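> Below is a structure I'd like to ask you about.
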Amino acid sequence: MTGQALLSVEQVAVDLPTPRGNLRAVDRVDLGVGAGRTLGIVGESGSGKTMLSRAILQLLPKKARLSGRVMFDGQDLGRLDPERLRQLRGRSLAVVFQDPMTSLNPVLTIGTQLIETLQEHLELDALAAKKRSVELLAAVGIPAPEQRLRQYPHQLSGGMRQRVAIAIALSCEPKLLIADEPTTALDVTIQAQILDLLAREQRRRHMAMILITHDLGVVAGRTDEVAVMYAGRVVERAPTRALFKKMRMPYTEALLAALPKIDAAPHTPLPAISGRPPDPTRPVQGCSFSPRCRYAVDQCQREKPLLSAAESPDHQFACFHPIEAGV
Amino acid sequence: MATLELVLEEEVAVGSRRRRLGPLFWAAIAWMTFVFAVALMAEFLPLPDPTEMDMLERRAPFSALHWLGTDGLGRDELARLIFGARISLTVGLCAPIIGITIGGALGMLAGYFRGRFETLVVGSMDVLLAFPPLILALAVTAYLGQSLLNLTCILGVLGIPAFMRVARAATLMLARREFVIAAQALGATHARILLRELLPNVFLPLLAFFLLGVAVTIVVEGSLSFLGLGVPPPASSWGSMIGEGRESLEIAPRLAFLPAIAMFLTVLAFNLVGDTLRAFTDPRQGAL
């Protein structure tokens with residue numbers, strides 16, 4: 001997998017200086033995505049998912065320090081000169097953000113935003129860019145695209161806006177699309193539509209995709225591989241099918257248990273994960289999940305388990321006492 | 001059924017309130033247009049020379065010859081008012097244009113790039129603000145001489161810090177919004193982000209502030225002229241006319257009150273339009 005990976009993240013760590021001390025948002029993460037494949041990154045709020053995606057794009061806040069390497073298409077993004085990096089973004093790397101309310105410029109029309117992106121990167125003339133914009137809007141399922149071009153973001157619904165954001169991201173045929181919680185701000189009924197749209201466009205364009213979410217249910221049917229993040233670290237990583245067949249890390253199990261079940265009786269209380277994630281400015285000595293883990297023993301509080309594989313090489317987890325298969 | 005009707009009425013009311021600007025706004029626009037038109041066409045209007053003195057007709061009352069009478073030196077009051085409007089409006093518009101251009105650019109750059117540049121800009125603006133403006137104006141006019149250009153430049157420079165602050169505050173707030181990060185992620189250059197993403201957003205609050213700036217500048221120019229620091233005589237501005245009218249306040253109070261009313265109405269009109277624009281753009285920005 002690492003051999004032909006389009007993107008590989010090697011030992012990436014992000015440190016943010018805060019008034020309360022250094023905050024390690026991402027802690028030595030290794031990940032990889034092959035061309036045309038989908039990687040799901042799952043974790044609760046504050047687990048470092050978004051910081052990781054910003055680190056990949058080299059769009060971290062100015063004060064943040066990045067260590068490790070981000071290799072994209074054979075290039076080290078951290079060492080690329082700003083001009084090359086700028087050309088790569090948008091052209092080969094694209095992002096869809098969580099909130100379509102704020103990811104579109106409120107005072108420019110949809111058309112202006114789409115057409116200018118196309119003109120900038122593909123050097124199309126105005127007419128060709130407009131024609132292509134209409135096609136793109138139609139491809140992402142927006143009815144009457146020609147009229148939409150003249151509208152402002154506030155005249156569209158949330159789902160429509162997210163479709164526009166996806167159209168802008170797809171406009172230059174990127175090789176890798178990072179979708180950072182693309183459906184979190186949307187209605188449940190729209191969520192599935194947007195996810196299906198992303199999956200369809202990904203297959204059609206044969207691009208790689210990183211789908212970041214806090215919802216295990218979102219990644220279940222739509223990704224090839226899943227990485228579960230907790231407190232800045234990847235705690236379990238496996239092909240999606242293998243992961244859902246037998247998860248080894250107690251945190252993943254707890255996340256899955258916290259999903260509402262459709263066949264549960266009404267008013268069944270949801271099994272929440274008790275406690276809160278650790279304070280990232282005060283690193284835990286042992287396993288960062290141990291205070292909330294029901295399997296935790298003394299060893300978990302003293303030593304940090306490393307990400308390692310057991311039976312199959314592509315199923316890795318960081319736990320001393322993984323859940324046994326078949327239990 | 002009744003509730004449904006009520007809801008509908010409310011929606012209609014909200015919709016129309018947003019679109020209607022009110023008669024006061026249009027009255028202000030009408031006055032501004034009138035003053036501008038008259039000031040622009042002053043030379044082509046059938047007016048007596050505003051500097052021609054007629055010692056036999058000093059402080060003459062309203063008449064067919066002198067519609068608004070004459071001043072203490074027998075000059076036509078209406079002509080002086082209209083030619084005074086030219087000076088007041090030129091200074092009132094040009095000085096804030098200097099402010100909005102330099103201050104707006106500095107503020108946006110400071111708010112976008114942050115860091116040492118921002119510290120430098122904010123620091124130097126604080127120094128400029130700490131200097132008493134009247135003393136600065138006095139010093140400059142005493143040193144470089146009294147002229148329309150000097151007056152405009154000094155008032156323009158004095159306006160830079162305020163515009164810088166408005167632009168910087170708006171940019172700071174916007175630069176954190178996701179669409180700026182989205183633009184960066186799409187490979188936009190700094191220049192593009194500043195000009196295409198941020199400028200259209202910063203422009204509306206700046207424009208509203210500009211109109212208020214025009215009003216303030218007209219008043220300040222009036223005060224300076226009243227103190228004799230404005231345009232040199234015999235040219236008139238509303239401020240210097242009030243100053244000259246003060247001498248004959250007991251005999252002919254209209255000589256001070258006519259320019260005062262002209263200034264009052266113009267400043268009020270600019271404030272009204274500026275305020276309406278601000279109120280008009282604010283809630284919409286919040287809703288987005």
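Labels used: A, B, ... for chains in the order of the structure tokens, numbers from 1 for residues in each chain, and numbers from 1 for ligands as shown.
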Got a sec: who's within 12 Å of Gly159 (chain A), counting only C-alpha atoms, leaving out chain neighbours fewer than 5 positions off, as a PyMOL selection string?
chain A and resi 98-101+140-142+153-154+164-166+182-195+197
> Could you work out which residues of chain A fall inside 7 Å of chain B? Count only C-alpha atoms, and format the result as a compact mmCIF listing (two decimals) with N, CA and C atoms, in the first residue's frame.

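Heads up, here's the output in selection-v8.txt:
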# COMPACT_ATOMS: atom_id res chain seq x y z
N ARG A 86 0.99 26.27 -4.19
CA ARG A 86 -0.23 26.98 -4.52
C ARG A 86 -0.86 26.40 -5.79
N GLN A 87 0.01 26.06 -6.75
CA GLN A 87 -0.52 25.48 -7.99
C GLN A 87 -1.09 24.10 -7.76
N ARG A 89 -2.46 22.97 -4.94
CA ARG A 89 -3.74 23.09 -4.26
C ARG A 89 -4.78 23.52 -5.28
N GLY A 90 -5.92 22.95 -5.20
CA GLY A 90 -6.95 23.31 -6.14
C GLY A 90 -6.81 22.49 -7.40
N ALA A 94 -7.91 19.01 -3.35
CA ALA A 94 -9.06 19.88 -3.14
C ALA A 94 -9.73 19.52 -1.82
N VAL A 95 -10.47 20.45 -1.28
CA VAL A 95 -11.11 20.24 0.01
C VAL A 95 -12.58 20.62 -0.04
N MET A 101 -22.17 27.11 4.97
CA MET A 101 -22.60 28.48 5.23
C MET A 101 -21.40 29.41 5.16
N THR A 102 -20.24 28.94 5.61
CA THR A 102 -19.10 29.83 5.71
C THR A 102 -18.01 29.52 4.69
N SER A 103 -18.12 28.40 3.96
CA SER A 103 -17.02 28.09 3.06
C SER A 103 -17.20 28.72 1.69
N LEU A 104 -18.34 29.40 1.48
CA LEU A 104 -18.51 30.16 0.24
C LEU A 104 -18.49 31.65 0.58
N ASN A 105 -17.93 32.44 -0.32
CA ASN A 105 -17.88 33.88 -0.07
C ASN A 105 -19.28 34.48 -0.17
N PRO A 106 -19.77 35.13 0.90
CA PRO A 106 -21.16 35.59 0.91
C PRO A 106 -21.48 36.68 -0.09
N VAL A 107 -20.49 37.44 -0.55
CA VAL A 107 -20.84 38.57 -1.41
C VAL A 107 -20.54 38.33 -2.90
N HIS A 154 -26.45 32.91 -0.02
CA HIS A 154 -27.55 32.92 0.94
C HIS A 154 -28.89 32.61 0.31
> Please compute the CA of Thr268 (chain A)-CA of Ser47 (chain A) distance, one decimal, in Å.
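If I compute the distance from CA of Thr268 (chain A) to CA of Ser47 (chain A), I get 27.6 Å.
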> When DSSP works through the backbone of this structure, what residues of region 32-279 of chain B end up as alpha helix (DSSP H), shown as a PyMOL selection string?
chain B and resi 32-40+77-98+104-113+115-130+133-144+148-175+178-185+190-192+199-226+238-245+254-279
> Pick out the residues sitting within 8 Å of Tyr251 (chain A), and hand them over as a list of chain:residue names; count only C-alpha atoms, and ignore anything fewer than 4 positions along from it in its own chain.
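So, after excluding close chain neighbours, the residues are A:Leu255, A:Phe289, A:Cys293.
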> Between A:Leu137, A:Glu83, A:Leu31, A:Glu116, single out the one closest to Asp314 (chain A), counting only C-alpha atoms.
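Nearest candidate to Asp314 (chain A) out of A:Leu137, A:Glu83, A:Leu31, A:Glu116: A:Leu31.
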> Find the residues around Phe257 (chain B) up to 9 Å (only C-alpha atoms counted), leave out those fewer than 6 positions away in its own chain, and share them as a PyMOL selection string.
chain B and resi 242+245+249
> What's the separation between CA of Leu109 (chain B) and CA of Cys94 (chain B), in Å to one decimal place?
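Taking CA of Leu109 (chain B) and CA of Cys94 (chain B), their separation equals 22.6 Å.
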> Quick one: everything within 10 Å of Leu16 (chain A), counting only C-alpha atoms, minus sequence neighbours fewer than 5 positions away in the same chain. Send it as a list in words.
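The residues satisfying every condition are Gly21, Asn22, Leu23, Arg24, Ala25, Val26, Leu60, Pro61, Lys62, Lys63, Ala64, Arg65, Leu66 and Thr281 of chain A.
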> For C-alpha atoms, I'd like the residues from the last selection saved as a PDB file, in the first residue's frame.

ATOM      1  CA  GLY A  21       1.343  25.231  27.190  1.00  0.00           C
ATOM      2  CA  ASN A  22       2.104  23.247  24.114  1.00  0.00           C
ATOM      3  CA  LEU A  23      -0.869  21.469  22.585  1.00  0.00           C
ATOM      4  CA  ARG A  24      -0.065  18.412  20.551  1.00  0.00           C
ATOM      5  CA  ALA A  25      -3.032  18.260  18.185  1.00  0.00           C
ATOM      6  CA  VAL A  26      -1.691  15.469  15.987  1.00  0.00           C
ATOM      7  CA  LEU A  60      -2.035  25.112   9.443  1.00  0.00           C
ATOM      8  CA  PRO A  61      -2.421  28.228  11.592  1.00  0.00           C
ATOM      9  CA  LYS A  62       0.720  30.359  11.445  1.00  0.00           C
ATOM     10  CA  LYS A  63       1.835  29.551  14.957  1.00  0.00           C
ATOM     11  CA  ALA A  64       1.517  25.791  14.529  1.00  0.00           C
ATOM     12  CA  ARG A  65       4.633  23.652  14.100  1.00  0.00           C
ATOM     13  CA  LEU A  66       4.553  20.674  11.798  1.00  0.00           C
ATOM     14  CA  THR A 281      -1.988  20.309  26.771  1.00  0.00           C
TER      15      THR A 281
END
> Near region 40-53 of chain B, counting only C-alpha atoms, which residues have an atom at most 9 Å away, once you skip same-chain residues fewer than 6 positions from it, shown as a ChimeraX atom specification?
/B:66,73-83,86,234-236
> Since we have the selection now, will you write its residues out, keeping N, CA and C atoms, as a JSON list (two decimals), in the first residue's frame?

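File out-v2.json, as written:
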[["chain", "number", "residue", "atom", "x", "y", "z"],
["B", 66, "HIS", "N", -30.56, 90.20, -5.19],
["B", 66, "HIS", "CA", -29.82, 89.31, -4.31],
["B", 66, "HIS", "C", -30.82, 88.44, -3.56],
["B", 73, "LEU", "N", -19.75, 92.72, 3.31],
["B", 73, "LEU", "CA", -18.97, 93.44, 2.31],
["B", 73, "LEU", "C", -19.75, 93.62, 1.02],
["B", 74, "GLY", "N", -21.05, 93.34, 1.09],
["B", 74, "GLY", "CA", -21.91, 93.56, -0.06],
["B", 74, "GLY", "C", -21.77, 92.49, -1.13],
["B", 75, "ARG", "N", -21.28, 91.29, -0.75],
["B", 75, "ARG", "CA", -21.18, 90.21, -1.74],
["B", 75, "ARG", "C", -22.44, 89.36, -1.70],
["B", 76, "ASP", "N", -22.82, 88.82, -2.84],
["B", 76, "ASP", "CA", -24.08, 88.09, -2.94],
["B", 76, "ASP", "C", -24.02, 86.81, -2.08],
["B", 77, "GLU", "N", -24.96, 86.70, -1.17],
["B", 77, "GLU", "CA", -24.93, 85.60, -0.20],
["B", 77, "GLU", "C", -25.17, 84.25, -0.88],
["B", 78, "LEU", "N", -26.12, 84.22, -1.81],
["B", 78, "LEU", "CA", -26.44, 82.95, -2.49],
["B", 78, "LEU", "C", -25.24, 82.44, -3.29],
["B", 79, "ALA", "N", -24.60, 83.36, -4.01],
["B", 79, "ALA", "CA", -23.42, 82.96, -4.80],
["B", 79, "ALA", "C", -22.33, 82.44, -3.90],
["B", 80, "ARG", "N", -22.14, 83.13, -2.76],
["B", 80, "ARG", "CA", -21.09, 82.68, -1.83],
["B", 80, "ARG", "C", -21.43, 81.33, -1.23],
["B", 81, "LEU", "N", -22.72, 81.12, -0.95],
["B", 81, "LEU", "CA", -23.14, 79.82, -0.41],
["B", 81, "LEU", "C", -22.83, 78.71, -1.40],
["B", 82, "ILE", "N", -23.16, 78.98, -2.66],
["B", 82, "ILE", "CA", -22.99, 77.92, -3.67],
["B", 82, "ILE", "C", -21.51, 77.68, -3.95],
["B", 83, "PHE", "N", -20.73, 78.78, -4.07],
["B", 83, "PHE", "CA", -19.30, 78.57, -4.28],
["B", 83, "PHE", "C", -18.64, 78.01, -3.02],
["B", 86, "ARG", "N", -18.81, 74.29, -2.99],
["B", 86, "ARG", "CA", -17.75, 73.64, -3.77],
["B", 86, "ARG", "C", -16.57, 73.31, -2.89],
["B", 234, "PRO", "N", -10.25, 85.65, -0.73],
["B", 234, "PRO", "CA", -11.69, 85.90, -0.63],
["B", 234, "PRO", "C", -12.56, 84.68, -0.90],
["B", 235, "ALA", "N", -11.96, 83.52, -1.22],
["B", 235, "ALA", "CA", -12.77, 82.34, -1.46],
["B", 235, "ALA", "C", -13.57, 82.04, -0.19],
["B", 236, "SER", "N", -14.76, 81.49, -0.37],
["B", 236, "SER", "CA", -15.59, 81.26, 0.79],
["B", 236, "SER", "C", -15.82, 79.77, 0.97]]
